[in-house]
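Novice: Dumping the structure here so I can ask a few things about it.
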Amino acid sequence: MGPGLARPDAIVALIPVFMPDRRLVELVGELRAAGFGSIVVVDDGSPPESAPVFGAVAAVPGCTLLRHEVNRGKGRAIKTGLKFFLERCPEAAGVVTVDADGQHLPRDVVRVAESFLAAPDAFVIGSRQFAGQVPWRSRFGNRLTRQVFRWVAGVRLADTQSGLRCFSRALAPRLLALAGERYEYEMNVLAACPRLSVPLREVGIETVYLDGNRSSHFNPIVDSFKICRLLLRLALSDLRARRRR
């Protein structure tokens, strides 16, 4: 697994999830073993058949399970977790968001968290390297959104769709106030960072795709174009604001 987190109580691991399998249980256990003292799992309205998985997760020491009665989207699940983080984890310096589908290795989560602790003013992204056998849905979606993001935000990123991100307690309230309930929220967060003078830092992570990334609920065409539409709206809004000055 590699070295664990040097400061176990410094970072809260936040996992938004919908319809998980047993990999979620393994992930939570491995994050706990890697040194994360507090793990928050947000069940985004999963059906009753997911109950055994969540029961096993809730039994892990240091893990808190939050629930939405109905599916509200990944963005809202992250916001629910951030609200809990701000209200109930006062000692933690930051929070790291982790996807539940097995794409993020615990050692990479630790590396991203440690990178943040070394420079806590930054917003740290665990960036996948899109080389080799990458599912077309992942390659297409990321290529499209990173090009639009570069044009709109003026920032070049290798991976605009990574869910592995770490940021500070001070930044969390500002991100919590941003619009977006589903996948577009994560892009809205990235777009907000340059405006808030928050540096974006990328840490290369191992690229893991299980069963061709079939477990992902991300639609590469529909969701990518929703994200691009959001970025274009932000660009037009900035243009109008500059013209009024």
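Following the order of the structure tokens, first chain is A, next is B, and so on, with residues numbered from 1 inside each chain and ligands from 1 in the order they appear.
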Any chance you could tabulate, as a tab-separated table, the residues of stretch 90-157 of chain A at most 7 Å from stretch 194-202 of chain A with each one's nearest atom pair and distance in Å to one decimal, using only C-alpha atoms, in chain and rising number order?
Specialist:
residue	atom	partner	partner_atom	distance
A:Asp121	CA	A:Val198	CA	6.8
A:Ala122	CA	A:Pro199	CA	5.0
A:Phe123	CA	A:Leu200	CA	5.0
A:Val124	CA	A:Arg201	CA	4.8
A:Ile125	CA	A:Glu202	CA	4.8
A:Gly126	CA	A:Glu202	CA	5.9
A:Ser127	CA	A:Glu202	CA	5.8
Novice: Write out as an MDAnalysis selection string all residues of stretch 73-227 of chain A that DSSP puts in alpha helix (DSSP H) for this structure's backbone.
Specialist: chainID A and resid 74:88 106:118 136:153 172:176 184:195 222:227
Novice: Take atom CA of A:Val17 and atom CA of A:Pro120 and report the distance between them in Å, one decimal.
Specialist: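 Atom-to-atom, atom CA of A:Val17 to atom CA of A:Pro120, that is 26.3 Å.
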Novice: Step one, run DSSP on the backbone; step two, keep only residues of stretch 29-109 of chain A assigned to strand (DSSP E); then write them as a ChimeraX atom specification.
Specialist: /A:38-44,63-68,94-97
Novice: Determine, using only C-alpha atoms, which residues of stretch 89-185 of chain A have any atom at most 10 Å from an atom of stretch 38-48 of chain A, and tabulate each with its shortest atom pair and distance in Å to one decimal place, rows ordered by chain and then rising number, as a Markdown table.
Specialist:
| residue | atom | partner | partner_atom | distance |
| --- | --- | --- | --- | --- |
| A:Cys89 | CA | A:Ser38 | CA | 8.4 |
| A:Ala92 | CA | A:Ser38 | CA | 9.1 |
| A:Val95 | CA | A:Ile39 | CA | 9.6 |
| A:Val96 | CA | A:Ile39 | CA | 9.6 |
| A:Thr97 | CA | A:Val40 | CA | 9.5 |
| A:Val98 | CA | A:Val41 | CA | 9.7 |
| A:Ala100 | CA | A:Val41 | CA | 9.2 |
Novice: Just how far from atom CA of A:Pro16 is atom CA of A:Ser168, in Å to one decimal?
Specialist: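 Between these atoms lies a distance of 18.1 Å.
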Novice: In Å, with one decimal, what is the gap from atom CA of A:Leu31 to atom CA of A:Gln129?
Specialist: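 Between atom CA of A:Leu31 and atom CA of A:Gln129 the gap works out to 22.4 Å.
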Novice: With only C-alpha atoms as the atoms that count, which of A:Ala10, A:Ala77, A:Val53, A:Leu65 lies nearest to A:Tyr185?
Specialist: A:Ala77
Novice: Could you give me, as a PDB file with C-alpha atoms, in the first residue's frame, the residues within 9 Å of stretch 161-163 of chain A, counting only C-alpha atoms and dropping anything in the same chain fewer than 2 positions from it?
Specialist:
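Generated output (around_20.pdb):
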ATOM      1  CA  THR A  97     -12.546  13.794  -2.218  1.00  0.00           C
ATOM      2  CA  VAL A  98     -12.236  10.218  -3.469  1.00  0.00           C
ATOM      3  CA  ASP A  99     -14.296   8.311  -6.043  1.00  0.00           C
ATOM      4  CA  HIS A 104      -8.164   5.876  -6.865  1.00  0.00           C
ATOM      5  CA  ILE A 125      -5.679  17.371  -8.200  1.00  0.00           C
ATOM      6  CA  GLY A 126      -4.739  13.728  -8.602  1.00  0.00           C
ATOM      7  CA  SER A 127      -4.202  13.697 -12.360  1.00  0.00           C
ATOM      8  CA  ARG A 128      -4.462  10.529 -14.386  1.00  0.00           C
ATOM      9  CA  SER A 138     -12.765   8.540 -20.388  1.00  0.00           C
ATOM     10  CA  GLY A 141     -14.651  13.296 -22.024  1.00  0.00           C
ATOM     11  CA  ASN A 142     -11.374  14.482 -20.564  1.00  0.00           C
ATOM     12  CA  THR A 145     -13.355  19.353 -21.227  1.00  0.00           C
ATOM     13  CA  ARG A 146      -9.664  20.100 -20.706  1.00  0.00           C
ATOM     14  CA  ASP A 159      -6.988  15.941 -16.069  1.00  0.00           C
ATOM     15  CA  ARG A 165      -8.892  16.442  -5.056  1.00  0.00           C
ATOM     16  CA  TYR A 183     -20.977  16.361 -12.414  1.00  0.00           C
ATOM     17  CA  GLU A 186     -16.666  19.615 -10.038  1.00  0.00           C
ATOM     18  CA  MET A 187     -15.835  21.665 -13.131  1.00  0.00           C
TER      19      MET A 187
END
Novice: Given the choices A:Pro52, A:Gly102, A:Gly154, A:Gly94, which gets closest to A:Arg169 if the distance is worked out from only C-alpha atoms?
Specialist: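 Of all the options, A:Gly94 lies closest to A:Arg169.
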Novice: Find, counting only C-alpha atoms, the residue in A:Leu144, A:Leu178, A:Ala33, A:Met19 that gets nearest to A:Phe54.
Specialist: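 Residue with the minimum atom-to-atom distance to A:Phe54: A:Met19.
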Novice: Could you check which of A:Pro3, A:Leu164, A:Ala34, A:Ile11 is closest to A:Leu117, using only C-alpha atoms?
Specialist: A:Ile11
